[in-house]
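**Student:** Got a file for you: model.txt, compact mmCIF, N, CA and C atoms.
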```txt
# COMPACT_ATOMS: atom_id res chain seq x y z
N MET A 26 0.84 -1.18 0.00
CA MET A 26 0.00 0.00 0.00
C MET A 26 0.88 1.24 0.00
N THR A 27 0.49 2.23 -0.78
CA THR A 27 1.19 3.51 -0.83
C THR A 27 0.44 4.52 0.03
N LEU A 28 1.18 5.29 0.81
CA LEU A 28 0.62 6.40 1.56
C LEU A 28 1.67 7.49 1.58
N GLN A 29 1.35 8.64 0.98
CA GLN A 29 2.32 9.72 0.86
C GLN A 29 1.62 11.03 1.21
N LEU A 30 2.24 11.88 2.01
CA LEU A 30 1.72 13.20 2.34
C LEU A 30 2.54 14.25 1.61
N THR A 31 1.85 15.17 0.93
CA THR A 31 2.52 16.20 0.14
C THR A 31 1.89 17.55 0.43
N PRO A 32 2.68 18.58 0.76
CA PRO A 32 2.09 19.91 0.91
C PRO A 32 1.54 20.41 -0.42
N TYR A 33 0.39 21.06 -0.36
CA TYR A 33 -0.29 21.57 -1.56
C TYR A 33 -0.59 23.04 -1.29
N VAL A 34 0.04 23.94 -2.04
CA VAL A 34 -0.06 25.37 -1.79
C VAL A 34 -0.92 26.02 -2.89
N PHE A 35 -1.88 26.84 -2.46
CA PHE A 35 -2.76 27.54 -3.40
C PHE A 35 -2.41 29.02 -3.45
N PHE A 36 -2.58 29.59 -4.65
CA PHE A 36 -2.24 30.99 -4.89
C PHE A 36 -3.43 31.73 -5.49
N GLU A 37 -3.41 33.03 -5.33
CA GLU A 37 -4.49 33.91 -5.84
C GLU A 37 -4.18 34.36 -7.25
N GLY A 38 -3.93 33.40 -8.16
CA GLY A 38 -3.71 33.75 -9.56
C GLY A 38 -2.26 33.92 -9.95
N ASN A 39 -1.33 33.77 -9.01
CA ASN A 39 0.08 33.97 -9.35
C ASN A 39 0.91 32.69 -9.13
N ALA A 40 0.29 31.53 -9.31
CA ALA A 40 1.00 30.25 -9.14
C ALA A 40 2.15 30.11 -10.14
N ARG A 41 1.93 30.56 -11.37
CA ARG A 41 2.98 30.45 -12.39
C ARG A 41 4.22 31.24 -11.95
N GLU A 42 4.01 32.41 -11.40
CA GLU A 42 5.11 33.23 -10.90
C GLU A 42 5.81 32.53 -9.73
N ALA A 43 5.03 31.91 -8.84
CA ALA A 43 5.61 31.20 -7.71
C ALA A 43 6.44 30.00 -8.19
N ILE A 44 5.95 29.30 -9.20
CA ILE A 44 6.70 28.17 -9.75
C ILE A 44 8.05 28.62 -10.27
N ARG A 45 8.06 29.71 -11.04
CA ARG A 45 9.34 30.23 -11.56
C ARG A 45 10.27 30.62 -10.42
N PHE A 46 9.71 31.24 -9.38
CA PHE A 46 10.49 31.64 -8.20
C PHE A 46 11.10 30.41 -7.53
N TYR A 47 10.30 29.36 -7.32
CA TYR A 47 10.80 28.16 -6.65
C TYR A 47 11.81 27.40 -7.52
N GLU A 48 11.66 27.50 -8.84
CA GLU A 48 12.67 26.91 -9.72
C GLU A 48 14.02 27.58 -9.48
N GLU A 49 13.99 28.90 -9.37
CA GLU A 49 15.22 29.67 -9.20
C GLU A 49 15.79 29.53 -7.80
N VAL A 50 14.96 29.74 -6.79
CA VAL A 50 15.44 29.82 -5.41
C VAL A 50 15.67 28.44 -4.79
N LEU A 51 14.76 27.50 -5.06
CA LEU A 51 14.84 26.17 -4.44
C LEU A 51 15.40 25.11 -5.37
N ASP A 52 15.79 25.52 -6.59
CA ASP A 52 16.27 24.59 -7.60
C ASP A 52 15.22 23.51 -7.88
N ALA A 53 13.95 23.93 -7.87
CA ALA A 53 12.83 23.00 -8.10
C ALA A 53 12.78 22.58 -9.56
N GLU A 54 12.34 21.34 -9.75
CA GLU A 54 12.15 20.80 -11.09
C GLU A 54 10.66 20.57 -11.30
N ILE A 55 10.11 21.04 -12.41
CA ILE A 55 8.69 20.83 -12.70
C ILE A 55 8.50 19.39 -13.20
N LEU A 56 7.73 18.61 -12.44
CA LEU A 56 7.43 17.24 -12.84
C LEU A 56 6.14 17.18 -13.65
N PHE A 57 5.20 18.10 -13.36
CA PHE A 57 3.91 18.12 -14.04
C PHE A 57 3.33 19.52 -13.90
N CYS A 58 2.66 19.98 -14.96
CA CYS A 58 1.98 21.27 -14.90
C CYS A 58 0.83 21.28 -15.90
N GLN A 59 -0.37 21.60 -15.42
CA GLN A 59 -1.55 21.65 -16.28
C GLN A 59 -2.33 22.92 -15.95
N THR A 60 -2.79 23.61 -16.99
CA THR A 60 -3.61 24.80 -16.78
C THR A 60 -5.08 24.40 -16.65
N LEU A 61 -5.88 25.33 -16.13
CA LEU A 61 -7.32 25.09 -16.05
C LEU A 61 -7.90 24.86 -17.44
N GLY A 62 -7.38 25.57 -18.44
CA GLY A 62 -7.87 25.43 -19.81
C GLY A 62 -7.57 24.09 -20.43
N GLU A 63 -6.58 23.38 -19.91
CA GLU A 63 -6.23 22.06 -20.44
C GLU A 63 -7.11 20.94 -19.87
N GLY A 64 -7.88 21.25 -18.84
CA GLY A 64 -8.79 20.26 -18.27
C GLY A 64 -10.08 20.18 -19.08
N PRO A 65 -10.97 19.24 -18.73
CA PRO A 65 -12.21 19.09 -19.48
C PRO A 65 -13.16 20.27 -19.25
N ASP A 66 -13.92 20.63 -20.27
CA ASP A 66 -14.92 21.69 -20.16
C ASP A 66 -16.12 21.22 -19.35
N ASN A 67 -16.69 22.11 -18.57
CA ASN A 67 -17.93 21.82 -17.84
C ASN A 67 -18.97 22.82 -18.32
N PRO A 68 -19.92 22.40 -19.17
CA PRO A 68 -20.90 23.34 -19.72
C PRO A 68 -21.77 24.00 -18.65
N ASP A 69 -21.92 23.35 -17.48
CA ASP A 69 -22.71 23.94 -16.40
C ASP A 69 -21.97 25.07 -15.69
N HIS A 70 -20.64 25.04 -15.78
CA HIS A 70 -19.81 26.06 -15.15
C HIS A 70 -18.69 26.45 -16.12
N PRO A 71 -19.01 27.24 -17.15
CA PRO A 71 -17.97 27.60 -18.12
C PRO A 71 -16.86 28.40 -17.46
N LEU A 72 -15.66 28.15 -17.91
CA LEU A 72 -14.47 28.79 -17.37
C LEU A 72 -14.27 30.15 -18.05
N PRO A 73 -14.16 31.23 -17.28
CA PRO A 73 -13.88 32.54 -17.89
C PRO A 73 -12.56 32.50 -18.65
N ALA A 74 -12.50 33.17 -19.77
CA ALA A 74 -11.32 33.15 -20.63
C ALA A 74 -10.04 33.51 -19.88
N GLU A 75 -10.11 34.47 -18.97
CA GLU A 75 -8.91 34.90 -18.25
C GLU A 75 -8.39 33.84 -17.27
N MET A 76 -9.20 32.82 -16.98
CA MET A 76 -8.79 31.77 -16.06
C MET A 76 -8.13 30.59 -16.76
N LYS A 77 -8.25 30.49 -18.07
CA LYS A 77 -7.77 29.30 -18.79
C LYS A 77 -6.27 29.08 -18.66
N GLU A 78 -5.49 30.14 -18.47
CA GLU A 78 -4.04 29.98 -18.35
C GLU A 78 -3.57 29.85 -16.90
N LYS A 79 -4.51 29.91 -15.96
CA LYS A 79 -4.14 29.73 -14.55
C LYS A 79 -3.77 28.27 -14.31
N ILE A 80 -2.99 28.02 -13.29
CA ILE A 80 -2.48 26.68 -13.00
C ILE A 80 -3.55 25.86 -12.26
N ALA A 81 -3.94 24.74 -12.86
CA ALA A 81 -4.88 23.82 -12.22
C ALA A 81 -4.14 22.91 -11.25
N HIS A 82 -2.97 22.46 -11.69
CA HIS A 82 -2.20 21.53 -10.85
C HIS A 82 -0.77 21.47 -11.37
N ALA A 83 0.17 21.62 -10.45
CA ALA A 83 1.58 21.48 -10.78
C ALA A 83 2.25 20.69 -9.66
N VAL A 84 3.25 19.90 -10.05
CA VAL A 84 4.04 19.15 -9.08
C VAL A 84 5.50 19.53 -9.31
N LEU A 85 6.13 20.01 -8.24
CA LEU A 85 7.54 20.37 -8.29
C LEU A 85 8.33 19.38 -7.44
N LYS A 86 9.51 19.05 -7.88
CA LYS A 86 10.42 18.23 -7.07
C LYS A 86 11.45 19.19 -6.48
N VAL A 87 11.50 19.22 -5.17
CA VAL A 87 12.44 20.08 -4.45
C VAL A 87 13.28 19.16 -3.56
N GLY A 88 14.50 18.92 -3.98
CA GLY A 88 15.33 17.95 -3.26
C GLY A 88 14.69 16.57 -3.37
N ASP A 89 14.41 15.97 -2.22
CA ASP A 89 13.76 14.65 -2.19
C ASP A 89 12.26 14.76 -1.95
N THR A 90 11.71 15.97 -2.00
CA THR A 90 10.31 16.20 -1.65
C THR A 90 9.55 16.73 -2.86
N GLU A 91 8.26 16.42 -2.90
CA GLU A 91 7.39 17.01 -3.91
C GLU A 91 6.56 18.11 -3.25
N LEU A 92 6.27 19.14 -4.03
CA LEU A 92 5.42 20.25 -3.62
C LEU A 92 4.37 20.44 -4.70
N MET A 93 3.10 20.45 -4.32
CA MET A 93 2.02 20.67 -5.28
C MET A 93 1.58 22.12 -5.20
N ILE A 94 1.24 22.68 -6.37
CA ILE A 94 0.89 24.10 -6.47
C ILE A 94 -0.29 24.25 -7.42
N ALA A 95 -1.18 25.20 -7.10
CA ALA A 95 -2.29 25.53 -8.01
C ALA A 95 -2.79 26.93 -7.70
N ASP A 96 -3.48 27.50 -8.68
CA ASP A 96 -4.21 28.74 -8.45
C ASP A 96 -5.57 28.36 -7.86
N ALA A 97 -6.06 29.18 -6.95
CA ALA A 97 -7.40 28.95 -6.40
C ALA A 97 -8.41 29.04 -7.55
N PHE A 98 -9.39 28.15 -7.53
CA PHE A 98 -10.41 28.12 -8.58
C PHE A 98 -11.36 29.30 -8.39
N PRO A 99 -11.90 29.84 -9.48
CA PRO A 99 -12.85 30.96 -9.35
C PRO A 99 -13.99 30.60 -8.39
N GLY A 100 -14.32 31.52 -7.52
CA GLY A 100 -15.39 31.31 -6.55
C GLY A 100 -14.93 30.61 -5.28
N GLN A 101 -13.65 30.25 -5.20
CA GLN A 101 -13.11 29.64 -3.99
C GLN A 101 -11.98 30.52 -3.46
N PRO A 102 -12.35 31.65 -2.84
CA PRO A 102 -11.32 32.57 -2.37
C PRO A 102 -10.47 31.95 -1.27
N LEU A 103 -9.23 32.36 -1.22
CA LEU A 103 -8.32 31.90 -0.18
C LEU A 103 -8.53 32.73 1.08
N HIS A 104 -8.38 32.07 2.19
CA HIS A 104 -8.41 32.76 3.47
C HIS A 104 -7.47 32.02 4.41
N GLU A 105 -7.15 32.64 5.51
CA GLU A 105 -6.24 32.01 6.45
C GLU A 105 -6.74 30.61 6.79
N GLY A 106 -5.86 29.64 6.65
CA GLY A 106 -6.22 28.27 6.96
C GLY A 106 -6.41 27.38 5.76
N ASN A 107 -6.61 27.93 4.55
CA ASN A 107 -6.80 27.03 3.41
C ASN A 107 -5.79 27.23 2.29
N GLN A 108 -4.79 28.06 2.50
CA GLN A 108 -3.80 28.27 1.44
C GLN A 108 -2.87 27.07 1.30
N VAL A 109 -2.66 26.36 2.38
CA VAL A 109 -1.82 25.17 2.32
C VAL A 109 -2.67 23.97 2.75
N ASN A 110 -2.77 22.97 1.89
CA ASN A 110 -3.45 21.71 2.18
C ASN A 110 -2.39 20.62 2.27
N ILE A 111 -2.80 19.48 2.77
CA ILE A 111 -1.95 18.30 2.72
C ILE A 111 -2.63 17.31 1.80
N CYS A 112 -1.92 16.89 0.78
CA CYS A 112 -2.45 15.92 -0.17
C CYS A 112 -2.01 14.52 0.29
N ILE A 113 -2.98 13.66 0.55
CA ILE A 113 -2.69 12.27 0.91
C ILE A 113 -2.85 11.45 -0.37
N THR A 114 -1.78 10.83 -0.81
CA THR A 114 -1.82 10.02 -2.02
C THR A 114 -1.81 8.54 -1.62
N VAL A 115 -2.78 7.82 -2.16
CA VAL A 115 -2.87 6.38 -1.93
C VAL A 115 -3.01 5.68 -3.27
N ASN A 116 -2.87 4.36 -3.26
CA ASN A 116 -3.00 3.63 -4.52
C ASN A 116 -4.18 2.65 -4.50
N MET A 117 -5.02 2.73 -3.45
CA MET A 117 -6.18 1.85 -3.36
C MET A 117 -7.40 2.67 -2.95
N THR A 118 -8.50 2.49 -3.70
CA THR A 118 -9.73 3.25 -3.39
C THR A 118 -10.26 2.89 -2.01
N GLU A 119 -10.04 1.67 -1.57
CA GLU A 119 -10.50 1.26 -0.24
C GLU A 119 -9.82 2.09 0.84
N LYS A 120 -8.52 2.34 0.68
CA LYS A 120 -7.78 3.16 1.65
C LYS A 120 -8.27 4.60 1.59
N ALA A 121 -8.54 5.09 0.38
CA ALA A 121 -9.08 6.45 0.24
C ALA A 121 -10.40 6.57 0.99
N GLN A 122 -11.25 5.57 0.86
CA GLN A 122 -12.55 5.58 1.55
C GLN A 122 -12.36 5.56 3.07
N GLN A 123 -11.44 4.74 3.55
CA GLN A 123 -11.17 4.65 4.98
C GLN A 123 -10.68 5.99 5.53
N LEU A 124 -9.74 6.63 4.83
CA LEU A 124 -9.23 7.93 5.26
C LEU A 124 -10.32 8.99 5.23
N TYR A 125 -11.10 9.00 4.16
CA TYR A 125 -12.20 9.96 4.00
C TYR A 125 -13.20 9.83 5.15
N ASP A 126 -13.63 8.60 5.43
CA ASP A 126 -14.62 8.38 6.49
C ASP A 126 -14.10 8.85 7.84
N ALA A 127 -12.81 8.62 8.11
CA ALA A 127 -12.24 9.03 9.39
C ALA A 127 -12.06 10.54 9.47
N LEU A 128 -11.53 11.15 8.42
CA LEU A 128 -11.24 12.59 8.47
C LEU A 128 -12.50 13.45 8.49
N LYS A 129 -13.57 13.00 7.89
CA LYS A 129 -14.79 13.82 7.83
C LYS A 129 -15.57 13.83 9.14
N GLN A 130 -15.27 12.91 10.09
CA GLN A 130 -15.96 12.87 11.37
C GLN A 130 -15.75 14.17 12.13
N ASN A 131 -16.82 14.89 12.39
CA ASN A 131 -16.79 16.19 13.08
C ASN A 131 -15.98 17.22 12.30
N GLY A 132 -15.83 16.99 11.01
CA GLY A 132 -15.13 17.94 10.14
C GLY A 132 -16.06 18.50 9.10
N HIS A 133 -15.51 18.90 7.96
CA HIS A 133 -16.29 19.50 6.88
C HIS A 133 -15.84 18.92 5.54
N VAL A 134 -16.81 18.48 4.74
CA VAL A 134 -16.51 17.94 3.42
C VAL A 134 -16.62 19.05 2.40
N GLY A 135 -15.51 19.34 1.71
CA GLY A 135 -15.53 20.33 0.63
C GLY A 135 -15.93 19.69 -0.69
N ILE A 136 -15.36 18.52 -0.96
CA ILE A 136 -15.69 17.72 -2.14
C ILE A 136 -15.83 16.28 -1.66
N PRO A 137 -17.01 15.68 -1.83
CA PRO A 137 -17.17 14.29 -1.39
C PRO A 137 -16.28 13.35 -2.18
N LEU A 138 -15.94 12.22 -1.58
CA LEU A 138 -15.11 11.23 -2.25
C LEU A 138 -15.84 10.73 -3.49
N GLU A 139 -15.19 10.93 -4.65
CA GLU A 139 -15.82 10.54 -5.91
C GLU A 139 -14.75 10.34 -6.98
N GLU A 140 -15.16 9.65 -8.04
CA GLU A 140 -14.28 9.46 -9.19
C GLU A 140 -14.25 10.76 -9.98
N THR A 141 -13.05 11.14 -10.42
CA THR A 141 -12.87 12.33 -11.25
C THR A 141 -12.07 11.93 -12.49
N TYR A 142 -11.89 12.87 -13.40
CA TYR A 142 -11.12 12.56 -14.60
C TYR A 142 -9.65 12.29 -14.28
N PHE A 143 -9.18 12.72 -13.10
CA PHE A 143 -7.77 12.55 -12.76
C PHE A 143 -7.53 11.53 -11.64
N SER A 144 -8.59 11.00 -11.03
CA SER A 144 -8.41 10.08 -9.91
C SER A 144 -9.65 9.20 -9.77
N PRO A 145 -9.46 7.91 -9.49
CA PRO A 145 -10.62 7.05 -9.26
C PRO A 145 -11.33 7.32 -7.93
N ALA A 146 -10.67 8.02 -7.00
CA ALA A 146 -11.29 8.38 -5.73
C ALA A 146 -10.58 9.62 -5.20
N TYR A 147 -11.28 10.75 -5.26
CA TYR A 147 -10.70 12.03 -4.85
C TYR A 147 -11.68 12.74 -3.91
N ALA A 148 -11.15 13.41 -2.90
CA ALA A 148 -11.99 14.19 -1.98
C ALA A 148 -11.20 15.35 -1.40
N LEU A 149 -11.93 16.33 -0.89
CA LEU A 149 -11.36 17.45 -0.16
C LEU A 149 -12.12 17.54 1.15
N VAL A 150 -11.42 17.37 2.25
CA VAL A 150 -12.08 17.35 3.55
C VAL A 150 -11.23 18.08 4.58
N THR A 151 -11.89 18.85 5.44
CA THR A 151 -11.22 19.53 6.54
C THR A 151 -11.57 18.77 7.81
N ASP A 152 -10.55 18.36 8.53
CA ASP A 152 -10.79 17.55 9.72
C ASP A 152 -11.27 18.41 10.89
N ARG A 153 -11.55 17.79 11.99
CA ARG A 153 -12.10 18.49 13.16
C ARG A 153 -11.14 19.48 13.78
N PHE A 154 -9.86 19.44 13.35
CA PHE A 154 -8.86 20.38 13.86
C PHE A 154 -8.64 21.55 12.92
N GLY A 155 -9.36 21.58 11.79
CA GLY A 155 -9.23 22.67 10.82
C GLY A 155 -8.16 22.45 9.78
N VAL A 156 -7.59 21.24 9.70
CA VAL A 156 -6.56 20.93 8.70
C VAL A 156 -7.27 20.37 7.46
N THR A 157 -6.96 20.93 6.30
CA THR A 157 -7.60 20.50 5.06
C THR A 157 -6.72 19.48 4.35
N PHE A 158 -7.34 18.37 3.99
CA PHE A 158 -6.68 17.28 3.30
C PHE A 158 -7.33 17.05 1.94
N GLN A 159 -6.51 16.81 0.94
CA GLN A 159 -6.98 16.29 -0.33
C GLN A 159 -6.63 14.81 -0.32
N ILE A 160 -7.58 13.98 -0.64
CA ILE A 160 -7.33 12.55 -0.74
C ILE A 160 -7.29 12.23 -2.23
N PHE A 161 -6.16 11.77 -2.68
CA PHE A 161 -5.93 11.49 -4.10
C PHE A 161 -5.52 10.03 -4.27
N THR A 162 -6.27 9.32 -5.11
CA THR A 162 -5.95 7.93 -5.40
C THR A 162 -5.33 7.86 -6.79
N ARG A 163 -4.16 7.26 -6.88
CA ARG A 163 -3.49 7.11 -8.17
C ARG A 163 -4.28 6.14 -9.05
N LYS A 164 -4.30 6.43 -10.35
CA LYS A 164 -4.89 5.49 -11.30
C LYS A 164 -3.97 4.30 -11.43
N LYS A 165 -4.55 3.12 -11.59
CA LYS A 165 -3.74 1.90 -11.72
C LYS A 165 -3.26 1.72 -13.12
```
In structure tokens, how does this file's structure come out?
**Tutor:**
Amino acid sequence: MTLQLTPYVFFEGNAREAIRFYEEVLDAEILFCQTLGEGPDNPDHPLPAEMKEKIAHAVLKVGDTELMIADAFPGQPLHEGNQVNICITVNMTEKAQQLYDALKQNGHVGIPLEETYFSPAYALVTDRFGVTFQIFTRKK
């Protein structure tokens, strides 16, 4: 079983600038980068043109550690407490379900555990201590 914790930092539209900064200052290597415009269209919630070049998801390698970065999605403003999440990566949907069920107890579900285009089981949940976790299951 795989279980990995990765810091996930959100920005107010300047993630691309932060990535360049971390490349220079931390000698970070970009492992993956996708813009919001590169993701699938949702006709119920069309993406404003100015948001298409914002970062949906990026993974940087800094030394022996990975750092995930994204711009906050429209309508999800950042506030103290949600700029940094912890991404829990697992390789089994059963483990994702177990973690989700435990973390949501007396907490808050932002996105229920569900299959997405990028993960067979993904969720966003804030635990009872106010720590926000993304649960990400790798595709097999």
**Student:** Neighbours of Gly155 in chain A within 9 Å (only C-alpha atoms; same-chain residues fewer than 3 positions away dropped), as a list in words?
**Tutor:** Gly106, Asn107, Gly132, His133, Thr151 and Asp152 of chain A
**Student:** Write out as an MDAnalysis selection string each polymer residue whose atoms come within 12 Å of range 62-73 of chain A, counting only C-alpha atoms; drop sequence neighbours fewer than 3 positions from it.
**Tutor:** chainID A and resid 58:59 76:82 98:100 141:143
**Student:** Can you tell me which residues surround Glu54 in chain A at a distance of at most 6 Å, considering all atoms listed in the file, apart from same-chain residues fewer than 2 positions away, and format the answer as a ChimeraX atom specification?
**Tutor:** /A:48,52,56,84-87
**Student:** Between CA of Leu28 in chain A and CA of Val134 in chain A, what is the spacing in Å?
**Tutor:** 20.7 Å
**Student:** For range 35-41 of chain A, find every residue with an atom within 5 Å (counting only N, CA and C atoms), except residues of its own chain fewer than 6 positions away, and show them as number ranges by chain.
**Tutor:** A: 95-97, 108-109
